[in-house]
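What follows is the content of upload_14.txt, which has compact mmCIF, C-alpha atoms:
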# COMPACT_ATOMS: atom_id res chain seq x y z
CA MET A 204 28.72 3.50 25.75
CA VAL A 205 28.56 2.30 22.18
CA THR A 206 28.36 -1.49 22.03
CA ALA A 207 30.04 -3.67 19.45
CA GLN A 208 26.66 -4.10 17.81
CA GLU A 209 26.30 -0.36 17.44
CA ARG A 210 29.71 0.16 15.89
CA LYS A 211 29.16 1.49 12.43
CA VAL A 212 31.22 3.52 10.02
CA GLY A 213 29.60 6.11 7.80
CA ILE A 214 30.76 6.13 4.18
CA ILE A 215 30.33 9.44 2.36
CA SER A 216 30.84 9.20 -1.38
CA CYS A 217 31.10 12.10 -3.79
CA SER A 218 29.12 10.54 -6.68
CA GLY A 219 30.49 13.33 -8.86
CA GLU A 220 28.71 13.51 -12.16
CA GLY A 221 31.54 15.20 -14.00
CA CYS A 222 33.96 12.31 -14.35
CA VAL A 223 34.12 8.53 -14.42
CA GLU A 224 35.94 8.52 -11.09
CA GLY A 225 32.81 9.97 -9.49
CA THR A 226 30.84 7.02 -10.77
CA ILE A 227 33.54 4.63 -9.59
CA SER A 228 33.39 6.25 -6.16
CA ARG A 229 29.62 5.74 -6.04
CA VAL A 230 29.67 2.13 -7.25
CA ALA A 231 32.53 1.19 -4.93
CA THR A 232 30.69 2.64 -1.94
CA ARG A 233 27.53 0.74 -2.83
CA LEU A 234 29.57 -2.49 -3.10
CA VAL A 235 30.95 -1.97 0.40
CA LEU A 236 27.52 -1.20 1.77
CA GLY A 237 25.75 -4.08 0.09
CA LYS A 238 28.36 -6.84 -0.09
CA LEU A 239 31.72 -6.30 1.57
CA ARG A 240 30.79 -4.74 4.92
CA PRO A 241 26.96 -4.63 5.10
CA ASN A 242 26.74 -4.88 8.87
CA GLU A 243 29.48 -2.41 9.66
CA THR A 244 28.65 0.48 7.34
CA VAL A 245 26.04 3.07 6.68
CA THR A 246 26.01 5.32 3.65
CA ILE A 247 25.56 9.04 4.11
CA CYS A 248 23.78 10.63 1.19
CA LEU A 249 26.04 13.56 0.29
CA PRO A 250 23.42 15.83 -1.35
CA LEU A 251 21.15 15.35 1.65
CA PHE A 252 24.08 15.96 3.96
CA LEU A 253 24.93 19.16 2.07
CA ALA A 254 21.31 20.32 2.14
CA GLY A 255 21.24 20.02 5.94
CA GLY A 256 19.87 16.50 6.43
CA LYS A 257 19.66 16.10 10.21
CA GLU A 258 20.16 12.35 10.40
CA GLU A 259 23.09 12.42 7.97
CA ARG A 260 24.91 15.20 9.84
CA GLU A 261 24.26 13.77 13.29
CA PHE A 262 25.47 10.34 12.27
CA ALA A 263 28.63 11.82 10.75
CA ARG A 264 29.16 13.80 13.95
CA ASP A 265 28.68 10.85 16.31
CA TYR A 266 30.29 8.01 14.34
CA PRO A 267 33.55 7.70 12.43
CA THR A 268 33.33 8.41 8.72
CA ILE A 269 35.29 7.54 5.62
CA THR A 270 35.00 9.87 2.65
CA VAL A 271 35.38 8.57 -0.89
CA ASP A 272 36.07 11.23 -3.50
CA GLY A 273 36.47 10.77 -7.20
CA CYS A 274 39.09 13.47 -7.62
CA ASP A 275 41.36 15.70 -5.60
CA LYS A 276 38.76 18.43 -5.30
CA ALA A 277 37.67 16.21 -2.41
CA CYS A 278 34.15 17.61 -2.02
CA ALA A 279 32.97 14.87 0.33
CA LYS A 280 35.99 15.32 2.60
CA ILE A 281 35.58 19.11 2.70
CA ALA A 282 31.86 18.95 3.40
CA THR A 283 32.23 16.35 6.13
CA GLY A 284 34.91 18.38 7.87
CA ARG A 285 32.82 21.52 7.60
CA TYR A 286 29.51 20.19 8.87
CA SER A 287 30.25 17.26 11.13
CA GLY A 288 33.93 16.87 11.86
CA ASN A 289 36.95 15.54 10.06
CA PRO A 290 36.58 12.05 8.63
CA ALA A 291 38.54 9.20 10.20
CA SER A 292 39.88 8.34 6.77
CA SER A 293 39.73 9.70 3.23
CA ILE A 294 40.10 7.97 -0.09
CA VAL A 295 40.53 9.70 -3.45
CA VAL A 296 39.96 7.45 -6.44
CA THR A 297 42.41 9.25 -8.73
CA ASP A 298 45.12 8.82 -6.08
CA LEU A 299 44.52 5.08 -6.16
CA THR A 300 44.21 4.66 -9.92
CA LYS A 301 47.41 6.56 -10.70
CA ASN A 302 49.31 3.88 -8.82
CA TRP A 303 47.52 0.98 -10.47
CA LEU A 304 47.91 -0.37 -13.95
CA CYS A 305 44.48 0.74 -15.07
CA PRO A 306 42.94 0.16 -18.45
CA GLN A 307 41.31 3.00 -20.35
CA LEU A 308 38.42 3.85 -18.08
CA SER A 309 34.96 3.84 -19.62
CA SER A 310 32.41 6.63 -19.83
CA ARG A 311 31.07 8.09 -16.64
CA ARG A 312 27.59 6.81 -17.37
CA LYS A 313 28.06 3.12 -18.02
CA LEU A 314 31.04 1.34 -16.57
CA ASN A 315 32.55 -1.33 -18.79
CA ASP A 316 33.94 -4.56 -17.34
CA GLU A 317 37.44 -3.20 -16.89
CA THR A 318 36.20 -0.12 -15.06
CA LEU A 319 33.93 -2.25 -12.89
CA THR A 320 37.01 -4.21 -11.90
CA VAL A 321 38.64 -0.94 -10.84
CA ALA A 322 35.51 -0.09 -8.84
CA GLY A 323 35.80 -3.48 -7.15
CA LYS A 324 39.38 -2.76 -6.18
CA VAL A 325 38.39 0.62 -4.78
CA ALA A 326 35.64 -1.11 -2.81
CA GLU A 327 38.15 -3.51 -1.30
CA ARG A 328 40.33 -0.57 -0.34
CA ILE A 329 37.38 1.10 1.37
CA ALA A 330 36.56 -2.14 3.19
CA GLU A 331 40.15 -2.34 4.47
CA GLU A 332 39.81 1.19 5.79
CA VAL A 333 36.53 0.27 7.51
CA ASP A 334 38.37 -2.52 9.32
CA VAL A 335 41.19 -0.17 10.36
CA VAL A 336 38.75 2.44 11.65
CA LEU A 337 36.79 -0.14 13.62
CA ARG A 338 39.98 -1.60 15.16
CA ARG A 339 40.99 1.89 16.31
CA TRP A 340 37.59 2.42 17.90
CA VAL A 341 38.05 1.38 21.52
CA MET B 248 9.55 15.44 28.40
CA SER B 249 9.56 14.22 24.81
CA GLU B 250 6.28 13.31 23.20
CA TYR B 251 7.97 10.43 21.39
CA LEU B 252 9.66 7.17 22.18
CA ARG B 253 12.78 7.04 20.03
CA THR B 254 15.29 4.59 18.75
CA VAL B 255 18.10 4.83 16.24
CA PHE B 256 18.59 2.20 13.57
CA ASP B 257 21.60 2.74 11.29
CA LYS B 258 21.44 6.49 10.83
CA PHE B 259 17.66 6.71 11.08
CA GLU B 260 15.74 7.91 14.08
CA LEU B 261 12.44 6.09 14.43
CA LEU B 262 9.70 7.67 16.50
CA VAL B 263 6.65 6.28 18.27
CA ARG B 264 4.20 8.97 19.35
CA LYS B 265 3.27 8.62 22.99
CA GLY B 266 -0.40 8.61 23.89
CA PHE B 267 -1.48 7.02 20.61
CA TYR B 268 -2.55 3.44 20.19
CA TYR B 269 -1.12 1.15 17.53
CA THR B 270 -1.96 -1.93 15.52
CA GLU B 271 0.27 -4.92 14.80
CA ASP B 272 0.29 -3.67 11.19
CA ASP B 273 1.99 -0.41 12.13
CA LEU B 274 -0.93 1.99 12.03
CA TRP B 275 -1.46 4.55 14.78
CA VAL B 276 -4.84 5.38 16.27
CA ASN B 277 -5.59 8.56 18.18
CA ILE B 278 -8.90 8.68 20.02
CA GLU B 279 -10.48 12.11 19.61
CA ASN B 280 -13.82 13.56 20.68
CA ASP B 281 -15.63 12.79 17.46
CA GLY B 282 -13.89 9.65 16.34
CA VAL B 283 -10.52 8.00 15.91
CA ARG B 284 -7.86 9.44 13.67
CA VAL B 285 -5.68 6.88 11.88
CA GLY B 286 -2.29 7.13 10.24
CA VAL B 287 0.86 5.12 9.56
CA SER B 288 3.67 4.82 12.05
CA ASP B 289 7.11 6.27 11.42
CA TYR B 290 8.42 2.72 11.07
CA LEU B 291 5.89 1.91 8.34
CA GLN B 292 6.49 5.07 6.34
CA ARG B 293 10.23 4.51 6.52
CA THR B 294 10.09 0.92 5.35
CA SER B 295 7.58 1.72 2.60
CA GLY B 296 9.76 4.26 0.81
CA ASP B 297 8.66 7.45 -0.94
CA LEU B 298 4.89 7.17 -1.19
CA ALA B 299 3.35 8.21 -4.47
CA PHE B 300 -0.16 6.75 -4.46
CA MET B 301 -2.88 6.24 -1.89
CA GLU B 302 -6.23 4.56 -2.19
CA LEU B 303 -8.36 5.78 0.68
CA PRO B 304 -12.08 5.34 1.28
CA ASN B 305 -14.58 8.14 0.73
CA PRO B 306 -16.37 9.70 3.66
CA SER B 307 -19.44 7.70 4.73
CA SER B 308 -17.85 4.40 3.66
CA ILE B 309 -18.21 1.56 6.13
CA VAL B 310 -15.03 -0.13 7.34
CA GLU B 311 -14.60 -3.33 9.31
CA LYS B 312 -11.94 -4.04 11.90
CA GLY B 313 -9.12 -6.10 10.45
CA LYS B 314 -10.30 -5.65 6.86
CA GLU B 315 -8.59 -3.63 4.17
CA PHE B 316 -9.74 -0.03 3.94
CA GLY B 317 -7.12 1.31 1.61
CA THR B 318 -3.55 1.05 0.32
CA ILE B 319 -0.41 3.12 0.21
CA GLU B 320 2.02 2.59 -2.64
CA SER B 321 5.59 3.42 -3.49
CA ALA B 322 7.94 2.06 -6.15
CA LYS B 323 9.16 -0.26 -3.41
CA ALA B 324 5.92 -1.69 -2.04
CA THR B 325 2.14 -1.63 -1.96
CA VAL B 326 0.90 -1.84 1.60
CA GLU B 327 -2.66 -2.85 2.49
CA LEU B 328 -4.12 -0.82 5.31
CA LEU B 329 -6.25 -2.86 7.70
CA SER B 330 -8.82 -0.95 9.69
CA PRO B 331 -8.12 -0.81 13.44
CA VAL B 332 -11.83 -0.37 14.24
CA SER B 333 -15.22 -1.01 12.70
CA GLY B 334 -17.27 2.06 11.83
CA LYS B 335 -17.88 4.77 9.28
CA ILE B 336 -15.36 7.04 7.61
CA ALA B 337 -16.00 10.61 8.76
CA GLU B 338 -13.11 12.26 7.00
CA THR B 339 -10.32 11.46 4.57
CA ASN B 340 -7.17 13.56 4.36
CA ASP B 341 -7.66 15.17 0.96
CA LYS B 342 -4.24 16.88 1.09
CA LEU B 343 -2.64 13.51 0.39
CA ALA B 344 -3.96 13.31 -3.17
CA GLY B 345 -1.64 16.12 -4.23
CA LYS B 346 1.07 15.61 -1.60
CA PRO B 347 1.39 11.96 -0.62
CA GLU B 348 4.87 12.75 0.70
CA LEU B 349 3.21 14.23 3.78
CA VAL B 350 2.88 10.69 5.08
CA ASN B 351 6.64 10.33 4.86
CA SER B 352 7.56 13.75 6.19
CA ASP B 353 4.97 14.05 9.00
CA PRO B 354 3.40 10.64 9.68
CA TYR B 355 1.95 11.59 13.08
CA GLY B 356 0.76 15.04 12.06
CA GLU B 357 -0.19 16.30 8.62
CA GLY B 358 0.18 12.81 7.13
CA TRP B 359 -2.90 11.37 8.87
CA LEU B 360 -5.09 9.19 6.66
CA VAL B 361 -8.69 8.99 7.85
CA VAL B 362 -11.01 9.71 10.76
CA ILE B 363 -13.40 6.89 11.63
CA ILE B 364 -16.53 7.07 13.77
CA PRO B 365 -16.26 3.72 15.57
CA ARG B 366 -19.22 1.43 16.08
CA ASN B 367 -17.87 -0.18 19.24
CA LEU B 368 -14.69 1.47 20.37
CA GLU B 369 -14.49 -0.24 23.76
CA ASP B 370 -14.42 -3.68 22.15
CA ASP B 371 -12.05 -2.71 19.33
CA ARG B 372 -9.66 -0.91 21.67
CA ARG B 373 -8.80 -4.14 23.48
CA SER B 374 -6.73 -5.38 20.57
CA LEU B 375 -4.80 -2.14 20.12
CA LEU B 376 -1.28 -1.75 21.48
CA SER B 377 -0.12 1.01 23.78
CA ALA B 378 2.75 3.15 22.50
CA GLU B 379 5.15 1.36 24.85
CA ASP B 380 4.09 -2.10 23.68
CA TYR B 381 4.23 -1.05 20.03
CA TYR B 382 7.69 0.39 20.61
CA LYS B 383 8.88 -3.03 21.89
CA ARG B 384 7.34 -4.75 18.87
CA MET B 385 9.06 -2.29 16.57
CA LEU B 386 12.42 -3.01 18.18
CA GLU B 387 11.84 -6.73 17.64
CA LYS B 388 11.09 -6.12 13.96
CA LEU B 389 14.21 -3.99 13.60
CA GLN B 390 16.39 -6.68 15.10
CA SER B 391 15.22 -9.13 12.50
CA GLU B 392 15.50 -6.47 9.76
CA HIS B 393 17.42 -7.41 6.65
CA GLY B 394 18.73 -4.85 4.27
CA LYS B 395 18.97 -1.15 4.74
CA LEU B 396 16.32 1.44 5.27
CA GLU B 397 16.25 4.28 2.80
CA SER B 398 16.83 7.88 3.70
CA ARG B 399 13.70 9.78 4.65
CA MET C 83 9.09 34.78 -33.34
CA LYS C 84 11.08 33.20 -30.53
CA MET C 85 14.85 33.61 -30.66
CA LYS C 86 16.88 30.44 -30.96
CA ALA C 87 19.61 29.77 -28.39
CA THR C 88 23.02 31.24 -29.06
CA SER C 89 25.78 28.79 -29.65
CA GLN C 90 27.28 29.63 -26.27
CA GLU C 91 24.18 29.33 -24.13
CA LYS C 92 23.85 26.01 -22.38
CA VAL C 93 21.40 24.98 -19.75
CA VAL C 94 23.02 23.39 -16.72
CA VAL C 95 21.21 20.25 -15.63
CA ILE C 96 22.08 18.96 -12.19
CA PRO C 97 20.94 15.68 -10.62
CA CYS C 98 20.83 14.91 -6.94
CA SER C 99 22.53 11.53 -7.50
CA GLY C 100 21.30 10.45 -4.08
CA ILE C 101 23.10 7.26 -3.22
CA GLY C 102 20.53 5.68 -0.93
CA LYS C 103 17.60 5.25 -3.31
CA ALA C 104 16.92 3.98 -6.80
CA PHE C 105 15.39 7.36 -7.60
CA GLY C 106 18.75 9.01 -6.94
CA SER C 107 20.45 6.75 -9.46
CA ILE C 108 17.64 7.44 -11.92
CA SER C 109 18.12 11.20 -11.56
CA ARG C 110 21.77 10.76 -12.44
CA ASP C 111 21.13 8.58 -15.46
CA ALA C 112 18.38 10.88 -16.71
CA VAL C 113 20.76 13.83 -16.67
CA TYR C 114 23.39 11.85 -18.55
CA GLU C 115 20.77 10.93 -21.14
CA VAL C 116 19.99 14.61 -21.64
CA THR C 117 23.54 15.95 -21.64
CA GLU C 118 25.12 13.14 -23.65
CA ASN C 119 22.30 12.30 -26.01
CA LEU C 120 19.01 14.20 -26.20
CA ARG C 121 20.33 17.74 -25.88
CA LYS C 122 24.07 17.25 -25.94
CA ASP C 123 24.77 20.55 -27.70
CA THR C 124 22.63 22.74 -25.45
CA THR C 125 23.16 21.28 -21.99
CA GLN C 126 25.89 20.38 -19.55
CA THR C 127 26.04 19.03 -16.04
CA LEU C 128 28.26 19.60 -13.05
CA CYS C 129 28.95 18.01 -9.68
CA LEU C 130 26.49 19.28 -7.11
CA ALA C 131 29.04 18.98 -4.32
CA LEU C 132 31.36 21.48 -6.03
CA LEU C 133 28.82 24.20 -5.29
CA VAL C 134 29.00 23.57 -1.59
CA SER C 135 32.77 23.12 -1.47
CA GLY C 136 33.00 26.61 -2.97
CA ASP C 137 34.47 25.83 -6.38
CA GLU C 138 34.44 29.28 -7.95
CA GLU C 139 34.11 28.14 -11.54
CA SER C 140 31.07 26.01 -10.70
CA LEU C 141 29.46 28.79 -8.68
CA GLN C 142 29.85 31.26 -11.53
CA LEU C 143 28.44 28.74 -13.98
CA VAL C 144 25.20 28.15 -12.03
CA ARG C 145 24.77 31.85 -11.34
CA ASN C 146 25.21 32.85 -14.98
CA SER C 147 23.33 30.00 -16.64
CA LYS C 148 19.78 28.73 -16.53
CA CYS C 149 19.73 25.67 -14.29
CA ILE C 150 17.40 22.71 -14.09
CA THR C 151 17.63 20.35 -11.14
CA VAL C 152 16.51 16.73 -11.23
CA ASP C 153 15.82 15.36 -7.78
CA GLY C 154 15.05 11.79 -6.88
CA CYS C 155 12.60 12.44 -4.09
CA PRO C 156 10.56 15.17 -2.40
CA LEU C 157 13.52 16.18 -0.23
CA GLN C 158 14.80 18.00 -3.34
CA CYS C 159 18.43 18.26 -2.29
CA ALA C 160 19.68 19.39 -5.70
CA GLN C 161 17.15 22.21 -5.83
CA LYS C 162 18.04 23.30 -2.30
CA ASN C 163 21.77 23.21 -2.89
CA VAL C 164 21.59 25.12 -6.18
CA SER C 165 19.36 27.73 -4.55
CA LEU C 166 21.69 28.06 -1.58
CA ALA C 167 24.59 28.60 -3.99
CA GLY C 168 22.70 31.47 -5.61
CA GLY C 169 22.12 29.53 -8.81
CA ASN C 170 19.68 30.70 -11.47
CA LEU C 171 17.09 28.01 -10.91
CA ALA C 172 14.89 27.90 -13.99
CA GLY C 173 13.24 24.55 -13.45
CA SER C 174 13.13 21.59 -11.10
CA LEU C 175 11.84 18.10 -11.68
CA ARG C 176 11.43 15.11 -9.39
CA VAL C 177 11.80 11.48 -10.35
CA VAL C 178 8.98 10.60 -7.98
CA ASP C 179 6.65 12.63 -10.20
CA ALA C 180 7.79 10.65 -13.25
CA TYR C 181 6.90 7.56 -11.26
CA LYS C 182 3.37 8.92 -10.80
CA ASP C 183 3.05 9.02 -14.60
CA ASN C 184 4.58 5.56 -14.97
CA ARG C 185 3.03 3.60 -12.18
CA GLN C 186 3.79 0.24 -13.75
CA LEU C 187 7.52 0.82 -13.37
CA LYS C 188 8.97 -0.47 -10.10
CA PRO C 189 12.69 0.29 -10.08
CA LYS C 190 14.40 -1.59 -7.29
CA SER C 191 18.10 -1.61 -7.93
CA VAL C 192 20.19 1.30 -6.70
CA THR C 193 23.76 0.53 -7.74
CA PHE C 194 23.03 -0.41 -11.34
CA LEU C 195 19.67 0.53 -12.79
CA ASP C 196 17.36 -2.34 -13.69
CA SER C 197 15.13 -2.24 -16.75
CA ASP C 198 12.36 -0.30 -14.96
CA GLY C 199 14.91 2.18 -13.67
CA GLN C 200 16.32 2.75 -17.14
CA GLN C 201 12.85 3.30 -18.55
CA MET C 202 12.02 5.78 -15.83
CA ALA C 203 15.29 7.61 -16.49
CA LEU C 204 14.36 7.93 -20.16
CA ALA C 205 10.90 9.20 -19.26
CA ILE C 206 12.19 11.95 -17.06
CA ALA C 207 15.00 12.76 -19.49
CA GLU C 208 12.33 13.55 -22.11
CA LYS C 209 10.65 15.95 -19.71
CA VAL C 210 13.96 17.63 -18.95
CA ALA C 211 14.65 17.97 -22.68
CA GLU C 212 11.27 19.65 -23.18
CA LYS C 213 12.05 22.05 -20.38
CA VAL C 214 15.45 22.83 -21.93
CA ASP C 215 13.77 23.65 -25.24
CA ASP C 216 11.31 25.84 -23.42
CA LEU C 217 14.06 27.77 -21.68
CA LEU C 218 16.06 28.25 -24.85
CA GLY C 219 13.01 29.29 -26.85
CA GLU C 220 13.27 26.39 -29.21
CA HIS C 221 9.63 25.29 -29.37
Here is the file; what I need is its structure written in the form of structure tokens.
Amino acid sequence: MVTAQERKVGIISCSGEGCVEGTISRVATRLVLGKLRPNETVTICLPLFLAGGKEEREFARDYPTITVDGCDKACAKIATGRYSGNPASSIVVTDLTKNWLCPQLSSRRKLNDETLTVAGKVAERIAEEVDVVLRRWV
Amino acid sequence: MSEYLRTVFDKFELLVRKGFYYTEDDLWVNIENDGVRVGVSDYLQRTSGDLAFMELPNPSSIVEKGKEFGTIESAKATVELLSPVSGKIAETNDKLAGKPELVNSDPYGEGWLVVIIPRNLEDDRRSLLSAEDYYKRMLEKLQSEHGKLESR
Amino acid sequence: MKMKATSQEKVVVIPCSGIGKAFGSISRDAVYEVTENLRKDTTQTLCLALLVSGDEESLQLVRNSKCITVDGCPLQCAQKNVSLAGGNLAGSLRVVDAYKDNRQLKPKSVTFLDSDGQQMALAIAEKVAEKVDDLLGEH
């Protein structure tokens, strides 16, 4: 039986290089991992997961996961479903930002202050989902 | 039956090879016919990060128990290696010069560091830990762990 | 005399972008430095995950272009994934090898690169740029 201490949620982020939303996805995930929910989350390295990383795939199979994708191509969600089982929750950054009053987002390489604020909001959204997933886990 | 004691920390599986001895500083020691083979534990390689440099003694060098005999280095940390026994270096793993990542990928196998011919193994062995005792120490360290371990 | 690259030919440079290590972040930044600055007319990048999710456009691109992967660590996930996708792998570099040439740099930060991380990214970006020139016959 998994104890309360062992309850962790795996966060799988796309980190897509092609667009700023990929960078936002990455930064937001790191904020959750390092600041917002450090004791409740583990990050799954997507490239390692895709390449067959045993620990990544086994964790995603045995623990609930939340995927964070930059765009609706949803690579992290697809890969997780394919190799370990459907995620407990999925977040797509472009789905969130279209409903927010967002400033002009910065380049994909260096996030300006406004875009960092957006990343912070995405991180809070992920953290809320972590709480929901953990509450559902009996 | 598995040849390892295992635990899972976050998503990482940490292994302790049964039948080996260990030091408090996370080195393993395997007593062989001609000497003792020494390497770093899975826990140490994981917490050290991707190793890029090693300073290891040449064969015939004299080492003293508890004293530094070499270092392993990553961008994250430089770790001093303290000799588990006193004696003479018989062999150094020369594969590590070109492939230091072997210590990360196979710490109990191809990633061994040195073979030492001990001067007084019976005395030095008394301060070594059994695999089971080292496993308990490792769990204690993990419980007081701060921060996250990196992917292997 | 070596032929210069055609205007259409671009080398595809793909980082691992591993999220767990500083070296993963460095691989990402190095590729941006190449594709947005050093060789912005002769290179492009794409999302590694698109290859595995089966995005047809991305698969065709890596199969029909020369590809260079930039991996953070010896696990070489970008190289493996591009190979598995049938990509035309023309070169692969590892950030850990750039570290071996720049031992004084100790990048620590993962989320946002610190000064040492930025310097290491520039160092490996230069090596990637040289490899791009080599592949396009521009030396």
Atom CA of Ser107 of chain C to atom CA of Ile329 of chain A, distance in Å rounded to a single decimal: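 Distance between the two atoms: 20.9 Å.
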Between atom CA of Asp371 of chain B and atom CA of Glu279 of chain B, what is the distance in Å, rounded to a tenth? 14.9 Å
Looking at only C-alpha atoms, which of A:Pro267, A:Gln307, A:Glu332, A:Phe262 is the one that sits closest to Ile294 of chain A?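 Closest to Ile294 of chain A of all the choices is A:Glu332.
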Distance limit 12 Å, atoms considered: all atoms listed in the file. Which chain A residues sit that close to chain C? Return them as a tab-separated table (two decimals) with C-alpha atoms, in the frame of the given file.
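What ended up in result.tsv:
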chain	number	residue	atom	x	y	z
A	214	ILE	CA	30.76	6.13	4.18
A	215	ILE	CA	30.33	9.44	2.36
A	216	SER	CA	30.84	9.20	-1.38
A	217	CYS	CA	31.10	12.10	-3.79
A	218	SER	CA	29.12	10.54	-6.68
A	219	GLY	CA	30.49	13.33	-8.86
A	220	GLU	CA	28.71	13.51	-12.16
A	221	GLY	CA	31.54	15.20	-14.00
A	222	CYS	CA	33.96	12.31	-14.35
A	223	VAL	CA	34.12	8.53	-14.42
A	224	GLU	CA	35.94	8.52	-11.09
A	225	GLY	CA	32.81	9.97	-9.49
A	226	THR	CA	30.84	7.02	-10.77
A	227	ILE	CA	33.54	4.63	-9.59
A	228	SER	CA	33.39	6.25	-6.16
A	229	ARG	CA	29.62	5.74	-6.04
A	230	VAL	CA	29.67	2.13	-7.25
A	231	ALA	CA	32.53	1.19	-4.93
A	232	THR	CA	30.69	2.64	-1.94
A	233	ARG	CA	27.53	0.74	-2.83
A	234	LEU	CA	29.57	-2.49	-3.10
A	235	VAL	CA	30.95	-1.97	0.40
A	236	LEU	CA	27.52	-1.20	1.77
A	237	GLY	CA	25.75	-4.08	0.09
A	238	LYS	CA	28.36	-6.84	-0.09
A	245	VAL	CA	26.04	3.07	6.68
A	246	THR	CA	26.01	5.32	3.65
A	247	ILE	CA	25.56	9.04	4.11
A	248	CYS	CA	23.78	10.63	1.19
A	249	LEU	CA	26.04	13.56	0.29
A	250	PRO	CA	23.42	15.83	-1.35
A	251	LEU	CA	21.15	15.35	1.65
A	252	PHE	CA	24.08	15.96	3.96
A	253	LEU	CA	24.93	19.16	2.07
A	254	ALA	CA	21.31	20.32	2.14
A	255	GLY	CA	21.24	20.02	5.94
A	256	GLY	CA	19.87	16.50	6.43
A	259	GLU	CA	23.09	12.42	7.97
A	272	ASP	CA	36.07	11.23	-3.50
A	273	GLY	CA	36.47	10.77	-7.20
A	274	CYS	CA	39.09	13.47	-7.62
A	275	ASP	CA	41.36	15.70	-5.60
A	276	LYS	CA	38.76	18.43	-5.30
A	277	ALA	CA	37.67	16.21	-2.41
A	278	CYS	CA	34.15	17.61	-2.02
A	279	ALA	CA	32.97	14.87	0.33
A	280	LYS	CA	35.99	15.32	2.60
A	281	ILE	CA	35.58	19.11	2.70
A	282	ALA	CA	31.86	18.95	3.40
A	283	THR	CA	32.23	16.35	6.13
A	284	GLY	CA	34.91	18.38	7.87
A	285	ARG	CA	32.82	21.52	7.60
A	286	TYR	CA	29.51	20.19	8.87
A	310	SER	CA	32.41	6.63	-19.83
A	311	ARG	CA	31.07	8.09	-16.64
A	312	ARG	CA	27.59	6.81	-17.37
A	313	LYS	CA	28.06	3.12	-18.02
A	314	LEU	CA	31.04	1.34	-16.57
A	319	LEU	CA	33.93	-2.25	-12.89
A	322	ALA	CA	35.51	-0.09	-8.84
Draw an axis-aligned box over all listed atoms of segment 320-331 of chain B, pad each side with 5 Å, and write its centre and edge lengths in Å, one decimal, as JSON.
{"center_x": 0.2, "center_y": 0.3, "center_z": 3.6, "size_x": 28.0, "size_y": 16.3, "size_z": 29.6}
Selected residue, from C:Lys209, C:Arg185, C:Lys122, C:Lys92, that lies nearest to Asn146 of chain C when counting all atoms listed in the file: C:Lys92
Restrict the distance test to only C-alpha atoms, flag each residue of chain B within 7 Å of chain A, and return the flagged residues as a list in words. Asp257, Lys258 and Phe259 of chain B
Atom CA of Gly313 of chain B and atom CA of Asp273 of chain B, how far apart in Å?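 Going from atom CA of Asp273 of chain B over to atom CA of Gly313 of chain B covers 12.6 Å.
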Residues of chain C within 10 Å of chain B: nearest atom pair and distance (Å, one decimal) for each, counting all atoms listed in the file, sorted by chain and number, as JSON lines?
{"residue": "C:Gly100", "atom": "CA", "partner": "B:Ser398", "partner_atom": "CA", "distance": 9.3}
{"residue": "C:Ile101", "atom": "CA", "partner": "B:Ser398", "partner_atom": "CA", "distance": 9.4}
{"residue": "C:Gly102", "atom": "CA", "partner": "B:Glu397", "partner_atom": "CA", "distance": 5.8}
{"residue": "C:Lys103", "atom": "CA", "partner": "B:Glu397", "partner_atom": "CA", "distance": 6.3}
{"residue": "C:Ala104", "atom": "CA", "partner": "B:Ala322", "partner_atom": "CA", "distance": 9.2}
{"residue": "C:Phe105", "atom": "CA", "partner": "B:Ala322", "partner_atom": "CA", "distance": 9.3}
{"residue": "C:Gly154", "atom": "CA", "partner": "B:Asp297", "partner_atom": "CA", "distance": 9.7}
{"residue": "C:Cys155", "atom": "CA", "partner": "B:Asp297", "partner_atom": "CA", "distance": 7.1}
{"residue": "C:Pro156", "atom": "CA", "partner": "B:Glu348", "partner_atom": "CA", "distance": 6.9}
{"residue": "C:Leu157", "atom": "CA", "partner": "B:Arg399", "partner_atom": "CA", "distance": 8.1}
{"residue": "C:Val178", "atom": "CA", "partner": "B:Ala299", "partner_atom": "CA", "distance": 7.1}
{"residue": "C:Asp179", "atom": "CA", "partner": "B:Ala299", "partner_atom": "CA", "distance": 8.0}
{"residue": "C:Tyr181", "atom": "CA", "partner": "B:Ala322", "partner_atom": "CA", "distance": 7.6}
{"residue": "C:Lys182", "atom": "CA", "partner": "B:Ala299", "partner_atom": "CA", "distance": 6.4}
{"residue": "C:Arg185", "atom": "CA", "partner": "B:Ala322", "partner_atom": "CA", "distance": 7.9}
{"residue": "C:Gln186", "atom": "CA", "partner": "B:Ala322", "partner_atom": "CA", "distance": 8.8}
{"residue": "C:Leu187", "atom": "CA", "partner": "B:Ala322", "partner_atom": "CA", "distance": 7.3}
{"residue": "C:Lys188", "atom": "CA", "partner": "B:Ala322", "partner_atom": "CA", "distance": 4.8}
{"residue": "C:Pro189", "atom": "CA", "partner": "B:Ala322", "partner_atom": "CA", "distance": 6.4}
{"residue": "C:Lys190", "atom": "CA", "partner": "B:Lys323", "partner_atom": "CA", "distance": 6.7}
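Non-sequential neighbours of Leu217 of chain C (distance at most 8 Å, separation of 4 or more positions within a chain, all atoms listed in the file) are Lys148, Ala172 and Lys213 of chain C.
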Can you pull out every residue within 6 Å of Ile319 of chain B, counting only C-alpha atoms, but drop anything in the same chain fewer than 5 positions away, and send it as a ChimeraX atom specification? /B:300-301,325-326
Residue among C:Ile150, C:Leu141, C:Val93, C:Val116 lying closest to Leu204 of chain C, counting all atoms listed in the file: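 Closest residue, counting all atoms listed in the file: C:Val116.
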